[in-house]
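Colleague: Handing you a structure now.
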Amino acid sequence: MVGHREADAARDALDRPLERRVLERGDAAAAVAHEVVVVLAVGPVALVARDALADVDALHEPQLAQQLEDAVDARAPDAATLRAQAVVDLLRGQGAVVAVEQLDDGVAGAAAAVARLGERHERVLAPRRLSRRRHRLDRSGQMQIRLIPIRIDGEAVPTVSPSPTVLEPFQLPFVQRALVELLLLSVLAGTLGCWIVLRGLAFAAHGAAAAAFPGLVLADGLGFAASLGGFGAALLFALAVGRLGMHRREAHDARTALALVAALAVGVVLASDVFHSAASVESLLFGSLLAIDPGDVRLAAAAALLALVATRLLGARWLATGFDPAAARALGVRSSLPDVLLLALVAFGAVATLSAVGALLASALLVVPAATTRLVRERVGSWQLATAALAAAEGVLGVWLAVQLNAPPGATIAVVAGAAFALVALLPRTAEASA
Amino acid sequence: MSALVSADALAVGYGGAPVLRDVGFALQAGERIGVLGPNGGGKTTLFRALLGELRPAGGSLEVRARCASVPQTERSRLDFPVSALDVALMGTIPGRAWWRRPSRADRTAARAALARVGLADRAERTYGELSGGQRQRVLIARALVQDARVLLLDEPFSGLDAASGARLEALLLELAGEGRGVLIATHDLEQARRWDRVLCLNGRQIAFGDPAKALSHDVLAATYGGAIVRLPPADPDPTAPYEVILPPHHHHHDHEAT
Amino acid sequence: MPVPATILDVLADPFAQGLMQRALLEVLLLATVGGTLGCWVVLGGLSYGAESLAHGMLPGLVLAALAGAPLLLGGAAGILVAALAIALAGRVPGAERIGRDGAVAVVVTTLLGLGALLALSPATPVGVQGLLFGDVLATSRADLLAGAALAAGVLLALRASHWRLLASGFDRGGARALGVGPAAIDALLLILLALAVLVAVQGLGNLLVVAVLVAPAAAARLLTRRLAPMMALAVALGALAGVGGLYLSYYARIAAGASIAGLLVAAWLLARAFAWASSFRKGDGAAAG
């Protein structure tokens, strides 16, 4: 029954196609492997069967695929044997291995109309059906592909790797790069984050990061530097909305809510349906920390440096204006240039965090640590230092947990940061002397 | 005749220490009381206590008649999509089961109240389109529909031109004449002198009584907390010197020079 | 596929299937609830609060999807947790230092992270994109019935409390003198808001759901001067945008939820432009909106 099959396939279209994030998880489990083999099956090859991760369109040709239920039965795969690093580079959008093309997102997109005709879904009241846990071959020509990192000792049969010991994750290059990125972002969190919280710009930061999402996708799709597009969009948002937060108490109204919605809607349409971005929507929204490239690190370093310099030059003005805007103006803090620069820095910082934690979780680095330490610190200087330290600790812990639990690292960091806030907020504290 | 409102050693706060203490006064039917004091001195706090929003932190407060509030103009109200008639109709809410819509009798009462304040022809206009004085009168109409015997007006004259102000004053005189009690928070001393009583508040009650006797120099100094400047009158034949009171400069921050 | 011969074909083709018919009904339902309740959200300045609640409910949705439970239940639990967390965060000692914005940002970011963690970790990841951006084309008959029931409840409650909502919204302090407790009205609006979000989240996703609550009402507010016309216009605009989004999704093969949200915001922008232009023409120079 073709209709039924299409229904299955389309239902699974809610799962994502090949993407970085899968790779991260794969890398996480592979963290302890000496070598990582990623088996990409195209055409008649042996497949190691595990849980369904993605549906892939086999380029309009029916393909046969053999299924193997158990790793023990796997023959030596035809696909190349790669080191973890190379895997990262490979799946980063170089086309070679990806003869399996990106899914036509008309099918994989959340709800494209045409592909859904003839289906029936029971979503709300009936139990939601999860993707099935097995390989299937679909007579209509679609094929399920699994990405599995398996450990190979010489020519021996791959076995499931044991759980990694505590420090092993930190020996891997991509984890180390993630940590470098996080340390740089901690500096950003300590400096810029404190200004964001002090000046009431939390929503502006969150919104700027969300606005960067469509900017990034658009720029990438049109062929110029993604970060530039992201920064442009983030800057627009920060300037439009940030000024409200700075100088008025009840600044939020329909405008700010709708601006955020528009950014997200445009972003997802551009990413899924217009440009068919190589990077998945999820990695854009929640980050891909374990797939950081040197460009991202450079961006984070630039942002951290900029934040430090700007704090040195403009910090006093930012402090005065935040304290008493009317009086500051009266005292001759003449133009609003420092404020504009602060908003620009917020936009830049938001873009810098995107690769690590994604467009939706930028506040996990830029707001939450600063807010947490604000509860226990009075003076700006010690507050900023404490924030940087806390952000670094949260980042390290988050990455470690993510590797151990095979979880998305950006989201893990966000949860760790929130837990830290709850801990500090709810535990009884003695009043800090403002010395 | 018992007073409509009487307070004795009343203290009111927002949960912590009382922000207003030692309040003792009585509002009789037919009286207009001018409530004087600086911003933050407790005028609004007292009104909220009278309306039941705040509970007394000490002393006693007896409110023996229904109170209606005529608040200051707020920006949000100007944008609210209601007509003058809608506002007046709000006064019918108390007497009605909450799921019921206004009846014809309600509408008649609302229109009558609007006519009473001189706005019969403006009933269908949007509230925000009306002038300042008209808006105050619509709110008074709401209070009339409520059949409230105590009216609390919070700085109703601010922003009104002389003609509108005079009109409002005449209306208040009429309403008092009908047996209502009216409490008016104001900054205008000369106005307050013309009414029946004054009540001076600045964190505590400074004075209460007949304006001629109560508004001494010391009382005014204590109420407004700052130096009082007496200016010679521009017009050479006034009956009393014209006093100008300068409120203290409320800045508690020290500013960093930048 | 035969080339549609007439405009009528173009208009009618998409809705030949039951799937799209149900989506259409769902969209109309959303427009009705969003347009009416949305007026109170916009007049009461609750837009950001609504958005925060919607964003924060993600873990609930994910857990429901993982457990195979109805999305409505997960959403309800998620909203409850989000509301409690936001209220709590505002009350911790020292919260005034980080501001209400900061506290809300902390809660929302943490909940979004938790949702993503739950959704993307398991060996069989939940389709989080459907939860975030909606899946209006997956509306089943049961969904419609549940949505209609919730919507009917919301509309009845709105009609019954109309005058109290009006009194409290117009003059919060003086409402008490009218026997209307502002705190009770706030609570009522919050509950109705939660219900409306639940109705709409399956179709639009928790990131975009606020569009149907805010955009039509905000647009209508710029174009009308009384509440009744405002509500009617908001419902109409919501319906137009919703139906337009379905057409866009069908013919341009764009995700339906995002299309609808995009058109809703576009409608609001058009209303702003129109109001600005007409105030300009009138010459009173007053800023529109």
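To be explicit about the labels: the chains of the structure tokens are called A, B, and onward in the order shown, and within each one the residues are counted from 1, while ligands get numbers from 1 in the order they are shown.
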Report the closest atom pair, with its distance in Å rounded to one decimal, for each residue of chain C that has an atom no farther than 12 Å from chain B; count only C-alpha atoms, sort by chain and then rising residue number, and write it as a Markdown table.
Modeller:
| residue | atom | partner | partner_atom | distance |
| --- | --- | --- | --- | --- |
| C:Cys39 | CA | B:Pro81 | CA | 10.3 |
| C:Trp40 | CA | B:Phe80 | CA | 10.7 |
| C:Val42 | CA | B:Phe80 | CA | 10.6 |
| C:Leu43 | CA | B:Phe80 | CA | 7.3 |
| C:Gly44 | CA | B:Ser76 | CA | 9.2 |
| C:Gly45 | CA | B:Ser76 | CA | 9.8 |
| C:Leu156 | CA | B:Trp99 | CA | 9.9 |
| C:Ala157 | CA | B:Trp99 | CA | 9.0 |
| C:Leu158 | CA | B:Trp99 | CA | 9.8 |
| C:Arg159 | CA | B:Trp99 | CA | 7.8 |
| C:Ala160 | CA | B:Trp99 | CA | 4.4 |
| C:Ser161 | CA | B:Trp99 | CA | 6.2 |
| C:His162 | CA | B:Trp99 | CA | 8.2 |
| C:Trp163 | CA | B:Met90 | CA | 7.2 |
| C:Arg164 | CA | B:Trp98 | CA | 7.5 |
| C:Leu165 | CA | B:Met90 | CA | 10.5 |
| C:Leu166 | CA | B:Met90 | CA | 8.1 |
| C:Ala167 | CA | B:Met90 | CA | 6.2 |
| C:Ser168 | CA | B:Met90 | CA | 9.9 |
| C:Gly169 | CA | B:Phe80 | CA | 8.2 |
| C:Phe170 | CA | B:Arg77 | CA | 5.8 |
| C:Asp171 | CA | B:Arg77 | CA | 7.3 |
| C:Arg172 | CA | B:Pro71 | CA | 9.9 |
| C:Gly173 | CA | B:Arg48 | CA | 7.9 |
| C:Gly174 | CA | B:Ser69 | CA | 5.5 |
| C:Ala175 | CA | B:Ser69 | CA | 8.7 |
| C:Arg176 | CA | B:Leu51 | CA | 7.0 |
| C:Ala177 | CA | B:Ala68 | CA | 5.7 |
| C:Leu178 | CA | B:Pro94 | CA | 5.3 |
| C:Gly179 | CA | B:Pro94 | CA | 5.6 |
| C:Val180 | CA | B:Pro94 | CA | 8.1 |
| C:Gly181 | CA | B:Glu53 | CA | 9.2 |
| C:Pro182 | CA | B:Glu53 | CA | 10.1 |
| C:Ala183 | CA | B:Glu53 | CA | 11.0 |
| C:Ala220 | CA | B:Pro81 | CA | 11.0 |
| C:Arg221 | CA | B:Pro81 | CA | 8.2 |
| C:Leu222 | CA | B:Asp79 | CA | 10.1 |
| C:Leu223 | CA | B:Pro81 | CA | 10.9 |
| C:Thr224 | CA | B:Pro81 | CA | 8.0 |
| C:Arg225 | CA | B:Pro81 | CA | 5.1 |
| C:Arg226 | CA | B:Pro81 | CA | 4.4 |
| C:Leu227 | CA | B:Pro81 | CA | 5.4 |
| C:Ala228 | CA | B:Pro81 | CA | 8.9 |
| C:Pro229 | CA | B:Pro81 | CA | 9.6 |
| C:Met230 | CA | B:Pro81 | CA | 8.3 |
| C:Met231 | CA | B:Pro81 | CA | 10.8 |
| C:Ala288 | CA | B:Asp79 | CA | 11.0 |
| C:Gly289 | CA | B:Asp79 | CA | 9.4 |
Colleague: Residues as selected, C-alpha atoms, written as a compact mmCIF listing (two decimals), in the first residue's frame, can you do that?
Modeller:
# COMPACT_ATOMS: atom_id res chain seq x y z
CA CYS C 39 -7.45 41.61 22.11
CA TRP C 40 -7.17 41.25 25.87
CA VAL C 42 -2.65 43.17 23.55
CA LEU C 43 -4.66 45.65 25.60
CA GLY C 44 -3.25 44.22 28.78
CA GLY C 45 0.34 44.27 27.60
CA LEU C 156 -17.77 31.50 26.73
CA ALA C 157 -15.56 32.66 29.56
CA LEU C 158 -14.64 35.79 27.63
CA ARG C 159 -18.21 36.65 26.92
CA ALA C 160 -19.30 36.12 30.47
CA SER C 161 -16.45 38.13 31.98
CA HIS C 162 -16.47 40.84 29.35
CA TRP C 163 -17.45 43.74 31.55
CA ARG C 164 -15.15 42.76 34.35
CA LEU C 165 -12.27 42.46 31.95
CA LEU C 166 -13.18 45.85 30.56
CA ALA C 167 -13.37 47.51 33.95
CA SER C 168 -10.10 46.03 35.15
CA GLY C 169 -8.27 46.77 31.93
CA PHE C 170 -9.49 50.33 31.81
CA ASP C 171 -8.82 51.32 35.39
CA ARG C 172 -7.06 48.73 37.46
CA GLY C 173 -7.05 50.72 40.66
CA GLY C 174 -10.63 51.84 40.45
CA ALA C 175 -11.90 48.45 39.45
CA ARG C 176 -11.96 47.37 43.04
CA ALA C 177 -14.54 50.01 43.80
CA LEU C 178 -16.69 48.32 41.19
CA GLY C 179 -16.34 44.98 42.90
CA VAL C 180 -13.81 43.66 40.40
CA GLY C 181 -10.64 42.24 41.89
CA PRO C 182 -7.74 42.86 39.51
CA ALA C 183 -5.83 39.87 40.83
CA ALA C 220 -7.05 45.41 14.55
CA ARG C 221 -6.24 47.80 17.34
CA LEU C 222 -4.60 50.13 14.86
CA LEU C 223 -7.64 50.13 12.66
CA THR C 224 -10.61 50.27 15.01
CA ARG C 225 -11.69 52.32 17.97
CA ARG C 226 -14.07 50.06 19.81
CA LEU C 227 -13.60 46.65 21.29
CA ALA C 228 -16.32 44.79 19.44
CA PRO C 229 -15.13 45.80 15.97
CA MET C 230 -11.58 45.18 17.14
CA MET C 231 -12.38 41.60 18.02
CA ALA C 288 0.21 55.34 14.93
CA GLY C 289 0.35 52.28 17.16
Colleague: Dump as a tab-separated table the rows for residues of chain C within 7 Å of chain A: closest atom pair and distance in Å with one decimal, only C-alpha atoms counted, ordered by chain and rising residue number.
Modeller:
residue	atom	partner	partner_atom	distance
C:Gln17	CA	A:Leu117	CA	6.8
C:Leu19	CA	A:Leu117	CA	6.5
C:Val42	CA	A:Ala254	CA	6.6
C:Gly45	CA	A:Asp253	CA	5.9
C:Ser47	CA	A:Ala254	CA	5.5
C:Tyr48	CA	A:Ala257	CA	5.7
C:Glu51	CA	A:Ala257	CA	6.6
C:Ala65	CA	A:Arg128	CA	5.9
C:Gly68	CA	A:Pro127	CA	4.4
C:Ala69	CA	A:Pro127	CA	4.8
C:Pro70	CA	A:Leu125	CA	4.6
C:Leu71	CA	A:Val124	CA	5.0
C:Leu72	CA	A:Val124	CA	6.2
C:Val92	CA	A:Ala425	CA	6.0
C:Gly94	CA	A:Leu375	CA	5.3
C:Ile98	CA	A:Val197	CA	6.0
C:Gly99	CA	A:Gly200	CA	6.8
C:Asp101	CA	A:Ala202	CA	6.1
C:Gly102	CA	A:Ala202	CA	5.5
C:Ala105	CA	A:Ala202	CA	6.3
C:Val106	CA	A:Val368	CA	5.4
C:Thr109	CA	A:Leu361	CA	5.9
C:Thr110	CA	A:Gly418	CA	5.1
C:Gly113	CA	A:Ala411	CA	4.3
C:Leu114	CA	A:Val415	CA	5.8
C:Ala116	CA	A:Ala411	CA	5.9
C:Leu117	CA	A:Ala411	CA	5.4
C:Leu120	CA	A:Pro408	CA	6.5
C:Ser121	CA	A:Ala407	CA	4.6
C:Ala123	CA	A:Asp51	CA	6.4
C:Thr124	CA	A:Asp51	CA	6.4
C:Gly127	CA	A:Leu14	CA	4.8
C:Gln129	CA	A:Ala110	CA	6.4
C:Gly130	CA	A:Ala110	CA	5.5
C:Asp135	CA	A:Ala111	CA	5.5
C:Leu137	CA	A:Ala111	CA	6.2
C:Ala138	CA	A:His121	CA	5.3
C:Thr139	CA	A:His121	CA	6.8
C:Ser140	CA	A:Glu122	CA	5.5
C:Ala142	CA	A:Leu125	CA	6.4
C:Asp143	CA	A:Val124	CA	5.4
C:Leu207	CA	A:Val261	CA	7.0
C:Leu208	CA	A:Val261	CA	5.7
C:Ala211	CA	A:Leu258	CA	6.4
C:Val214	CA	A:Ala254	CA	6.2
C:Ala215	CA	A:Leu258	CA	6.9
C:Ala218	CA	A:Ala254	CA	6.7
C:Ser249	CA	A:Ala113	CA	5.6
C:Tyr250	CA	A:Ala113	CA	4.7
C:Arg253	CA	A:Ala112	CA	5.3
C:Ile254	CA	A:Ala112	CA	5.6
C:Ala255	CA	A:Ala111	CA	4.9
C:Ala256	CA	A:Ala111	CA	5.8
C:Ala258	CA	A:Ala265	CA	4.7
C:Ala261	CA	A:Ala265	CA	6.6
C:Gly262	CA	A:Ala262	CA	6.0
C:Val265	CA	A:Ala262	CA	6.5
Colleague: Could you take the residues named above and write them with C-alpha atoms, as a CSV table (one decimal), in the first residue's frame?
Modeller:
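To be explicit, this is the file written out as again_10.csv:
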chain,number,residue,atom,x,y,z
C,17,GLN,CA,-8.5,16.4,0.7
C,19,LEU,CA,-6.3,16.5,5.5
C,42,VAL,CA,-2.7,43.2,23.6
C,45,GLY,CA,0.3,44.3,27.6
C,47,SER,CA,2.4,39.8,24.7
C,48,TYR,CA,5.8,39.2,26.1
C,51,GLU,CA,5.6,34.5,24.4
C,65,ALA,CA,6.0,13.1,22.6
C,68,GLY,CA,3.5,8.8,23.6
C,69,ALA,CA,1.1,10.8,25.6
C,70,PRO,CA,-1.3,13.4,24.1
C,71,LEU,CA,0.3,16.6,23.3
C,72,LEU,CA,-2.4,18.6,25.1
C,92,VAL,CA,13.9,35.0,44.8
C,94,GLY,CA,17.9,39.6,44.8
C,98,ILE,CA,18.4,41.3,37.5
C,99,GLY,CA,15.0,42.7,36.7
C,101,ASP,CA,13.4,40.6,32.0
C,102,GLY,CA,16.4,38.9,33.3
C,105,ALA,CA,15.1,35.1,30.3
C,106,VAL,CA,16.8,32.7,32.7
C,109,THR,CA,16.4,29.7,28.2
C,110,THR,CA,16.7,26.9,30.7
C,113,GLY,CA,17.6,24.0,26.8
C,114,LEU,CA,15.8,21.3,28.8
C,116,ALA,CA,16.2,20.4,23.4
C,117,LEU,CA,18.1,18.1,25.7
C,120,LEU,CA,17.7,15.4,20.9
C,121,SER,CA,19.4,13.0,23.3
C,123,ALA,CA,18.5,7.2,20.5
C,124,THR,CA,15.3,7.9,18.7
C,127,GLY,CA,10.9,15.5,15.9
C,129,GLN,CA,11.0,20.8,14.7
C,130,GLY,CA,7.4,19.8,14.6
C,135,ASP,CA,2.3,20.7,12.3
C,137,LEU,CA,-1.3,19.5,8.5
C,138,ALA,CA,-1.3,16.7,11.0
C,139,THR,CA,-4.6,17.8,12.5
C,140,SER,CA,-6.8,14.9,13.2
C,142,ALA,CA,-9.8,14.3,17.5
C,143,ASP,CA,-7.5,17.3,17.5
C,207,LEU,CA,7.8,29.2,19.1
C,208,LEU,CA,5.2,30.7,16.7
C,211,ALA,CA,1.7,35.2,16.5
C,214,VAL,CA,-0.8,39.0,19.2
C,215,ALA,CA,-0.7,39.9,15.5
C,218,ALA,CA,-2.5,44.3,17.4
C,249,SER,CA,2.2,26.0,2.0
C,250,TYR,CA,0.3,24.0,-0.7
C,253,ARG,CA,5.7,24.0,-0.6
C,254,ILE,CA,6.7,26.0,2.5
C,255,ALA,CA,6.1,24.8,6.0
C,256,ALA,CA,2.5,25.7,6.9
C,258,ALA,CA,5.8,29.3,9.5
C,261,ALA,CA,2.9,33.0,11.3
C,262,GLY,CA,4.7,35.0,8.6
C,265,VAL,CA,3.1,39.4,11.1
Colleague: If we count only C-alpha atoms and set the cut-off at 12 Å, which residues sit around range 219-223 of chain A, ignoring sequence neighbours fewer than 2 positions away in its own chain? Please answer as a ChimeraX atom specification.
Modeller: /A:212-217,225-233,267,270-279
Colleague: Name the residues in contact with Ala236 in chain C at a cut-off of 8 Å, using only C-alpha atoms, excluding same-chain residues fewer than 4 positions from it; report them as a list of chain:residue names.
Modeller: C:Ala31, C:Gly35, C:Ala232, C:Leu240
Colleague: Let me see the file: selected residues, N, CA and C atoms, as a JSON list (two decimals), in the first residue's frame.
Modeller:
[["chain", "number", "residue", "atom", "x", "y", "z"],
["C", 31, "ALA", "N", -7.95, 31.24, 14.58],
["C", 31, "ALA", "CA", -8.22, 32.65, 14.33],
["C", 31, "ALA", "C", -9.28, 33.17, 15.29],
["C", 35, "GLY", "N", -8.04, 35.78, 17.85],
["C", 35, "GLY", "CA", -8.52, 37.13, 17.62],
["C", 35, "GLY", "C", -9.23, 37.72, 18.82],
["C", 232, "ALA", "N", -13.83, 41.55, 16.09],
["C", 232, "ALA", "CA", -14.29, 40.99, 14.83],
["C", 232, "ALA", "C", -13.21, 41.10, 13.76],
["C", 240, "LEU", "N", -7.88, 35.19, 7.54],
["C", 240, "LEU", "CA", -7.28, 35.45, 6.23],
["C", 240, "LEU", "C", -5.82, 34.97, 6.20]]
Colleague: Compare A:Glu168, A:Leu345, A:Ala300, A:Ser280 by their minimum atom-to-atom distance to Leu182 in chain A, counting only C-alpha atoms, and give me the closest one.
Modeller: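 That would be A:Ala300, the residue with the smallest distance to Leu182 in chain A.
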Colleague: Write out as a VMD selection string the set of residues from range 14-219 of chain B that DSSP, computed on the backbone, places in helix (DSSP H, G or I).
Modeller: chain B and resid 43 to 51 75 to 79 84 to 90 104 to 116 120 to 122 127 to 129 132 to 145 162 to 177 189 to 193 211 to 214 217 to 219
Colleague: When DSSP works through the backbone of this structure, what residues of range 32-144 of chain B end up as strand (DSSP E or B), shown as a PyMOL selection string?
Modeller: chain B and resi 32-36+56-63+67-70+83+126
Colleague: Please save C-alpha atoms of the selected residues as a PDB file, in the first residue's frame.
Modeller:
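Below is the file result04.pdb, written as the result:
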ATOM      1  CA  ARG B  32     -15.436  68.758  50.227  1.00  0.00           C
ATOM      2  CA  ILE B  33     -12.039  67.969  51.718  1.00  0.00           C
ATOM      3  CA  GLY B  34      -8.861  69.018  49.954  1.00  0.00           C
ATOM      4  CA  VAL B  35      -6.048  66.509  50.473  1.00  0.00           C
ATOM      5  CA  LEU B  36      -2.699  68.239  50.254  1.00  0.00           C
ATOM      6  CA  PRO B  56      -4.970  49.323  57.745  1.00  0.00           C
ATOM      7  CA  ALA B  57      -1.717  48.468  59.430  1.00  0.00           C
ATOM      8  CA  GLY B  58      -2.867  50.183  62.598  1.00  0.00           C
ATOM      9  CA  GLY B  59      -5.653  52.296  63.991  1.00  0.00           C
ATOM     10  CA  SER B  60      -9.135  52.217  62.568  1.00  0.00           C
ATOM     11  CA  LEU B  61     -10.849  53.171  59.364  1.00  0.00           C
ATOM     12  CA  GLU B  62     -14.602  53.135  58.956  1.00  0.00           C
ATOM     13  CA  VAL B  63     -16.117  53.578  55.575  1.00  0.00           C
ATOM     14  CA  CYS B  67     -16.603  54.855  47.507  1.00  0.00           C
ATOM     15  CA  ALA B  68     -15.910  55.584  43.886  1.00  0.00           C
ATOM     16  CA  SER B  69     -12.565  56.550  42.431  1.00  0.00           C
ATOM     17  CA  VAL B  70     -11.823  59.178  39.814  1.00  0.00           C
ATOM     18  CA  SER B  83     -16.701  55.009  24.493  1.00  0.00           C
ATOM     19  CA  THR B 126     -14.145  57.308  22.237  1.00  0.00           C
TER      20      THR B 126
END
Colleague: Write out as a short mmCIF file (atom, residue, chain, number, x, y, z; two decimals) with C-alpha atoms, in the first residue's frame the residues lying within 9 Å of Leu192 in chain C, counting only C-alpha atoms and excluding same-chain residues fewer than 4 positions away.
Modeller:
data_model
loop_
_atom_site.label_atom_id
_atom_site.label_comp_id
_atom_site.auth_asym_id
_atom_site.auth_seq_id
_atom_site.Cartn_x
_atom_site.Cartn_y
_atom_site.Cartn_z
CA LEU C 37 -8.50 36.57 23.50
CA GLY C 153 -14.68 27.27 26.76
CA VAL C 154 -12.44 30.24 26.20
CA ALA C 157 -15.56 32.66 29.56
CA LEU C 158 -14.64 35.79 27.63
CA ALA C 187 -5.58 34.91 37.02
CA LEU C 188 -8.52 34.43 34.68
CA ALA C 196 -5.52 29.28 23.96
CA VAL C 197 -1.85 28.40 23.70
#
Colleague: Enter the distance from CA of Pro14 in chain C to CA of Asn206 in chain C, in Å, rounded to one decimal.
Modeller: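 According to the coordinates, CA of Pro14 in chain C and CA of Asn206 in chain C are separated by 25.7 Å.
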Colleague: Please list as a VMD selection string every residue within 9 Å of Ala50 in chain C, counting only C-alpha atoms and excluding residues in the same chain fewer than 3 positions away.
Modeller: (chain A and resid 257) or (chain C and resid 41 46 to 47 53 to 55 190 193 to 194 197 210 213 to 214)
Colleague: At a cut-off of 12 Å, using only C-alpha atoms, what residues contact Ala393 in chain A? Leave out same-chain residues fewer than 4 positions from it and give the result as a PDB file with C-alpha atoms, in the first residue's frame.
Modeller:
ATOM      1  CA  LEU A 179      36.520  23.979  25.392  1.00  0.00           C
ATOM      2  CA  LEU A 182      33.777  28.025  25.617  1.00  0.00           C
ATOM      3  CA  LEU A 183      36.616  29.676  27.465  1.00  0.00           C
ATOM      4  CA  LEU A 185      32.835  32.765  25.322  1.00  0.00           C
ATOM      5  CA  SER A 186      33.208  32.822  29.094  1.00  0.00           C
ATOM      6  CA  VAL A 187      35.196  35.983  28.762  1.00  0.00           C
ATOM      7  CA  ALA A 189      29.848  36.154  29.227  1.00  0.00           C
ATOM      8  CA  LEU A 365      25.941  32.082  28.030  1.00  0.00           C
ATOM      9  CA  PRO A 369      25.679  33.197  34.367  1.00  0.00           C
ATOM     10  CA  ALA A 386      32.773  35.702  39.000  1.00  0.00           C
ATOM     11  CA  THR A 387      30.570  35.498  35.932  1.00  0.00           C
ATOM     12  CA  ALA A 388      33.444  34.555  33.654  1.00  0.00           C
ATOM     13  CA  ALA A 389      34.530  31.866  36.078  1.00  0.00           C
ATOM     14  CA  LEU A 397      30.726  20.689  33.028  1.00  0.00           C
ATOM     15  CA  GLY A 398      28.183  20.931  30.266  1.00  0.00           C
ATOM     16  CA  VAL A 399      30.493  19.535  27.637  1.00  0.00           C
ATOM     17  CA  TRP A 400      31.613  16.735  29.881  1.00  0.00           C
ATOM     18  CA  ILE A 413      25.146  23.837  29.088  1.00  0.00           C
ATOM     19  CA  VAL A 416      23.551  23.340  33.822  1.00  0.00           C
ATOM     20  CA  ALA A 417      23.454  27.123  33.846  1.00  0.00           C
ATOM     21  CA  ALA A 420      23.259  26.817  38.893  1.00  0.00           C
TER      22      ALA A 420
END
Colleague: What is the distance, in Å and to one decimal place, between CA of Val108 in chain C and CA of Glu394 in chain A?
Modeller: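 CA of Val108 in chain C sits 17.6 Å away from CA of Glu394 in chain A.
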Colleague: Nearest to chain B among A:Pro173, A:Gly295, A:Gly358, A:Gly322, with distances taken over only C-alpha atoms: which residue is it?
Modeller: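 When distances to chain B are compared using only C-alpha atoms, the smallest one comes from A:Gly322.
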Colleague: Just give me the gap between CA of Ser259 in chain C and CA of Val201 in chain C in Å, one decimal is fine.
Modeller: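 Interatomic distance here is 14.8 Å.
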